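Scroll down for the structure; my scribbles are underneath it.
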Amino acid sequence: YKTDDGCKIFRLNEHINRLLNSAKIYRMNIPYSHQELKNACQEIVSSNDLNQGAYIRPIAFYGYDTLGVHPKDCPVEVAVASFFWGAYLGEEGLVNGVNITISPWKKLSLQSFPPSAKASGQYMNSMLAVEDARSRGYDEALLLNHDGNIAEGSGQNIFLVKDDKIITNALEGILRLLFLIVYIWLISFSKEIQRVFQYHGAEHMAVAAYEHNE
């Protein structure tokens, strides 16, 4: 992000930890240390003069050895990409809100994929949901789980503040945890309220309207 003290990478340690932990869950042995991965992220931003802020995408993947499902002796490769990316749903959406719809596609079951791992293949679920939403004139999709409760947006955590209570989904996330920490810190200086964390909620951005598909 652009700051008065230059471009700063948000929660870099936490993001690198999540990359390494995700790889561990998928039994991928990344051949670089935590510090080396941090250095790569910092270098790609500075060497490309991304002073106005940038999105950083480090990715670990299997190189060539076999085309089968089992990776066998495929080497683990790492690449880091970085480029400018504005507001996820557009600058106008930050001011006027966005139109969302409940997707006919369900969030992947916890028994199908590990939810704590960030893996490219799991985002195919989100791609299907947002493409369906856009094809019907909406900006974003809201996914339900197989129990019919709201799980998440196609690329967002869920927050709803109602009657001095915060309601959020139970998925892990760096931004989600920071939001809750800031929220708790803020209310400690104002008034005591009851904090309720449930497994369903609503889009954390300003929402103009949403439609429920029967």
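Residue names in the structure tokens use chain letters A, B, ... in the order shown, residue numbers from 1 in each chain, and ligand numbers from 1 in the order shown.
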(request) Can you check which residues of segment 77-147 of chain A DSSP gives as alpha helix (DSSP H) on the backbone and send them as a PyMOL selection string? (result) chain A and resi 91-96+123-135
(request) Run DSSP on the backbone and grab whatever in segment 41-139 of chain A lands in strand (DSSP E); send it over as a ChimeraX atom specification. (result) /A:55-62,76-83,98-102
Let's have the selection written as a JSON list (two decimals), in the first residue's frame, with N, CA, C and O atoms.
[["chain", "number", "residue", "atom", "x", "y", "z"],
["A", 55, "TYR", "N", -0.63, -5.27, -5.95],
["A", 55, "TYR", "CA", -1.05, -6.59, -5.49],
["A", 55, "TYR", "C", 0.12, -7.55, -5.71],
["A", 55, "TYR", "O", 0.78, -7.50, -6.74],
["A", 56, "ILE", "N", 0.38, -8.41, -4.73],
["A", 56, "ILE", "CA", 1.49, -9.35, -4.81],
["A", 56, "ILE", "C", 0.93, -10.77, -4.78],
["A", 56, "ILE", "O", 0.11, -11.10, -3.91],
["A", 57, "ARG", "N", 1.35, -11.59, -5.72],
["A", 57, "ARG", "CA", 0.87, -12.97, -5.77],
["A", 57, "ARG", "C", 2.05, -13.95, -5.80],
["A", 57, "ARG", "O", 2.58, -14.25, -6.87],
["A", 58, "PRO", "N", 2.50, -14.43, -4.64],
["A", 58, "PRO", "CA", 3.48, -15.51, -4.64],
["A", 58, "PRO", "C", 2.73, -16.83, -4.85],
["A", 58, "PRO", "O", 1.64, -17.03, -4.28],
["A", 59, "ILE", "N", 3.28, -17.72, -5.64],
["A", 59, "ILE", "CA", 2.61, -18.98, -5.91],
["A", 59, "ILE", "C", 3.63, -20.10, -5.99],
["A", 59, "ILE", "O", 4.69, -19.95, -6.60],
["A", 60, "ALA", "N", 3.33, -21.21, -5.35],
["A", 60, "ALA", "CA", 4.16, -22.41, -5.41],
["A", 60, "ALA", "C", 3.43, -23.44, -6.26],
["A", 60, "ALA", "O", 2.22, -23.60, -6.13],
["A", 61, "PHE", "N", 4.16, -24.12, -7.12],
["A", 61, "PHE", "CA", 3.53, -25.10, -8.01],
["A", 61, "PHE", "C", 4.53, -26.20, -8.36],
["A", 61, "PHE", "O", 5.75, -26.04, -8.20],
["A", 62, "TYR", "N", 4.02, -27.31, -8.83],
["A", 62, "TYR", "CA", 4.87, -28.42, -9.23],
["A", 62, "TYR", "C", 5.40, -28.21, -10.64],
["A", 62, "TYR", "O", 4.64, -27.91, -11.56],
["A", 76, "VAL", "N", 9.22, -28.57, -6.75],
["A", 76, "VAL", "CA", 8.34, -27.47, -6.35],
["A", 76, "VAL", "C", 8.99, -26.16, -6.77],
["A", 76, "VAL", "O", 10.11, -25.85, -6.35],
["A", 77, "GLU", "N", 8.30, -25.44, -7.61],
["A", 77, "GLU", "CA", 8.79, -24.15, -8.11],
["A", 77, "GLU", "C", 8.02, -23.02, -7.41],
["A", 77, "GLU", "O", 6.89, -23.21, -6.94],
["A", 78, "VAL", "N", 8.61, -21.84, -7.36],
["A", 78, "VAL", "CA", 7.95, -20.67, -6.77],
["A", 78, "VAL", "C", 8.12, -19.48, -7.70],
["A", 78, "VAL", "O", 9.20, -19.25, -8.25],
["A", 79, "ALA", "N", 7.03, -18.75, -7.91],
["A", 79, "ALA", "CA", 7.07, -17.50, -8.69],
["A", 79, "ALA", "C", 6.38, -16.41, -7.88],
["A", 79, "ALA", "O", 5.49, -16.70, -7.06],
["A", 80, "VAL", "N", 6.78, -15.18, -8.10],
["A", 80, "VAL", "CA", 6.15, -14.04, -7.44],
["A", 80, "VAL", "C", 5.80, -13.01, -8.50],
["A", 80, "VAL", "O", 6.67, -12.53, -9.23],
["A", 81, "ALA", "N", 4.52, -12.68, -8.59],
["A", 81, "ALA", "CA", 4.05, -11.65, -9.52],
["A", 81, "ALA", "C", 3.54, -10.45, -8.73],
["A", 81, "ALA", "O", 3.06, -10.60, -7.60],
["A", 82, "SER", "N", 3.63, -9.27, -9.32],
["A", 82, "SER", "CA", 3.13, -8.07, -8.66],
["A", 82, "SER", "C", 2.70, -7.05, -9.70],
["A", 82, "SER", "O", 3.36, -6.87, -10.72],
["A", 83, "PHE", "N", 1.56, -6.41, -9.44],
["A", 83, "PHE", "CA", 1.03, -5.42, -10.38],
["A", 83, "PHE", "C", 0.02, -4.54, -9.66],
["A", 83, "PHE", "O", -0.48, -4.90, -8.59],
["A", 98, "VAL", "N", -22.43, -2.39, -3.60],
["A", 98, "VAL", "CA", -22.47, -3.30, -4.73],
["A", 98, "VAL", "C", -23.72, -4.16, -4.66],
["A", 98, "VAL", "O", -24.30, -4.36, -3.58],
["A", 99, "ASN", "N", -24.15, -4.65, -5.80],
["A", 99, "ASN", "CA", -25.30, -5.54, -5.86],
["A", 99, "ASN", "C", -24.82, -6.98, -5.84],
["A", 99, "ASN", "O", -24.02, -7.39, -6.68],
["A", 100, "ILE", "N", -25.30, -7.74, -4.88],
["A", 100, "ILE", "CA", -24.86, -9.12, -4.75],
["A", 100, "ILE", "C", -26.05, -10.07, -4.83],
["A", 100, "ILE", "O", -27.20, -9.67, -4.63],
["A", 101, "THR", "N", -25.74, -11.31, -5.15],
["A", 101, "THR", "CA", -26.78, -12.33, -5.24],
["A", 101, "THR", "C", -26.28, -13.61, -4.60],
["A", 101, "THR", "O", -25.08, -13.87, -4.58],
["A", 102, "ILE", "N", -27.19, -14.39, -4.05],
["A", 102, "ILE", "CA", -26.81, -15.69, -3.51],
["A", 102, "ILE", "C", -26.60, -16.64, -4.67],
["A", 102, "ILE", "O", -27.47, -16.81, -5.53]]
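For the set A:Met124, A:Ile16, A:Ile9, A:Ala23, the residue with the smallest atom-to-atom gap to Gln35 of chain A is A:Ile16, counting only C-alpha atoms.
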(message) Can you measure atom CA of Val45 of chain A to atom CA of Glu14 of chain A for me? One decimal in Å is fine.
(response)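 Separation between atom CA of Val45 of chain A and atom CA of Glu14 of chain A: 17.7 Å.
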Leaving out Asp139 of chain A and any residue of its chain fewer than 3 positions from it, which residues lie within 10 Å of it when counting only C-alpha atoms, given as a PDB file with C-alpha atoms, in the first residue's frame?
ATOM      1  CA  LEU A  89     -15.069  -4.322  -6.844  1.00  0.00           C
ATOM      2  CA  GLY A  90     -14.215  -0.873  -8.211  1.00  0.00           C
ATOM      3  CA  GLY A  93     -18.465   0.178  -5.120  1.00  0.00           C
ATOM      4  CA  GLY A  97     -22.177  -0.266  -2.496  1.00  0.00           C
ATOM      5  CA  VAL A  98     -22.465  -3.303  -4.731  1.00  0.00           C
ATOM      6  CA  ASN A  99     -25.303  -5.536  -5.865  1.00  0.00           C
ATOM      7  CA  ILE A 100     -24.858  -9.125  -4.751  1.00  0.00           C
ATOM      8  CA  THR A 101     -26.779 -12.331  -5.242  1.00  0.00           C
ATOM      9  CA  VAL A 130     -18.909 -14.813  -9.637  1.00  0.00           C
ATOM     10  CA  GLU A 131     -19.273 -15.605 -13.358  1.00  0.00           C
ATOM     11  CA  ALA A 133     -23.504 -13.462 -10.726  1.00  0.00           C
ATOM     12  CA  ARG A 134     -22.028 -11.225 -13.425  1.00  0.00           C
ATOM     13  CA  SER A 135     -24.014 -13.007 -16.164  1.00  0.00           C
ATOM     14  CA  ARG A 136     -27.190 -12.029 -14.302  1.00  0.00           C
ATOM     15  CA  TYR A 210     -29.205  -8.648  -3.071  1.00  0.00           C
TER      16      TYR A 210
END
